[in-house]
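Peer 1: First the structure, then my questions, so here it is.
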Amino acid sequence: GMKYYYNNSGYPNIPKIFLSGIFTLLLMLPLAQGQIFQKEVTYPLNGFWLGNTLAQSADGDYVVVARSNYASQWSPYASRFDGLGNHVNSHLIPTVADPNFNTSVNPRDMILSNAGGNQELAIIVSYAQGFGHIYRLDMNTGAIDGKDISSSAGNMISPNSVIDVGSGLAIAGSMRVIGNDQVIFTRTDYTGFQFVSRHYLDNTPGIALRGQCIRQANDGLIIAATSSEDDFYLQKIGTYSAPIWANSYNFDPGTNSNEQSYSVSVLPGGDYIVGGDFLSTTPERAALMRVNSNGNVVWARSYFDSANPFNNAHFTKTLINTNGNIMMAGTCDDGIILLEIQQNGTPVWGRIYPDPPFFEEVSLIQTNDGG
């Protein structure tokens with residue numbers, strides 16, 4: 001692949017607002033201009049809970065997948081809440097359902113699918129003991145089944161992203177190949193049966209890649225990956241895995257800059273928005289890049305708050321909102337960071353939602369009512 005070098009430009013000040021309260025798990029629903037409705041989520045069980053993925057059903061309910069140490073080892077729970085955040089039900093994803101996975105299970109991503117006419121079918125990808133796994137959970141009955149995720153070259157050690165492509169599922173993650181992590185892609189039907197699996201290596205020997213986010217493009221699929229070269233990395237593939245192009249991108253030419261890409265979104269015209277971290281300067285910044293469908297950079301910018309610097313910032317999620325603008329979410333020592341940015345890279349607003357008491361991961365979705 002080709003390497004592109006682009007300097008940074010544009011550093012908006014981001015106002016900070018403060019919220020009070022301590023929560024075990026918090027549903028934060030941003031409304032217009034960053035206003036929020038929030039509700040403490042209380043589980044019916046004791047334990048330490050880490051929610052890391054969120055989806056909304058057609059009837060407006062929310063489904064949250066969280067890890068908990070309630071069952072003496074880390075186990076995933078899928079919980080359903082109504083539109084006001086009231087708890088409806090919770091289901092344990094048992095780690096002993098498969099003898100190969102009798103250990104702590106780490107959920108990485110989740111979608112709700114209406115496969116088979118079931119609007120409450122949660123499809124969850126996770127890893128445990130160095131193996132990837134896919135679960136199908138009926139949110140109404142709690143019925144669950146699961147399968148390993150593997151390939152001809154070995155097992156997917158960390159499936160990080162799953163999407164519904166209409167005829168089944170597309171999953172991206174990483175696997176160990178010849179001593180290095182490499183991007184792996186697999187296609188399955190809605191039962192988890194695999195019919196395509198392929199891994200992708202960087203042209204430079206010794207470079208480790210980890211697929212972090214997969215999205216459906218107008219002419220195939222696009223995967224954002226982290227790279228041991230500390231550059232943004234994109235892998236464009238066809239719908240059934242044929243590689244089209246792969247590029248790495250460096251924000252600061254001639255320096256040992258450190259940037260990592262964790263998310264990718266597709267604009268209506270077909271360009272890609274790639275988001276992640278830019279950690280080579282103080283204060284730390286959110287890094288955002290627009291790339292056309294051929295992999296050429298349209299613009300690249302970073303964002304920080306000079307008045308309230310981000311500490312230990314980690315930007316992992318992007319989406320295109322109903323206005324056509326870019327939403328970017330991440331975490332820092334002070335809480336959740338949320339930015340709205342125009343398609344030309346100009347910031348609209350940004351806020352930090354203070355930590356209650358801390359966030360480890362964040363999930364970002366567009367709600368049915370436009371929030």
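The way I read the labels, and the way they are meant: chains A, B, ... in the order of the structure tokens, residue 1 as the first residue of every chain, and ligand 1 as the first ligand shown, with later ones counted on from there.
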Please provide as a count of residues only all residues within 9 Å of Glu229 (chain A), with the sequence filter that same-chain residues fewer than 3 positions apart are discarded (counting only C-alpha atoms).
Peer 2: 8
Peer 1: CA of Trp299 (chain A) and CA of Gln343 (chain A), how far apart in Å?
Peer 2: 9.8 Å
Peer 1: Calculated over only C-alpha atoms, which of the candidates A:Asn321, A:Ser174, A:Asn218, A:Ser261 has the smallest distance to Asp231 (chain A)?
Peer 2: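 Checking each candidate against Asp231 (chain A), we get A:Ser261 as the closest.
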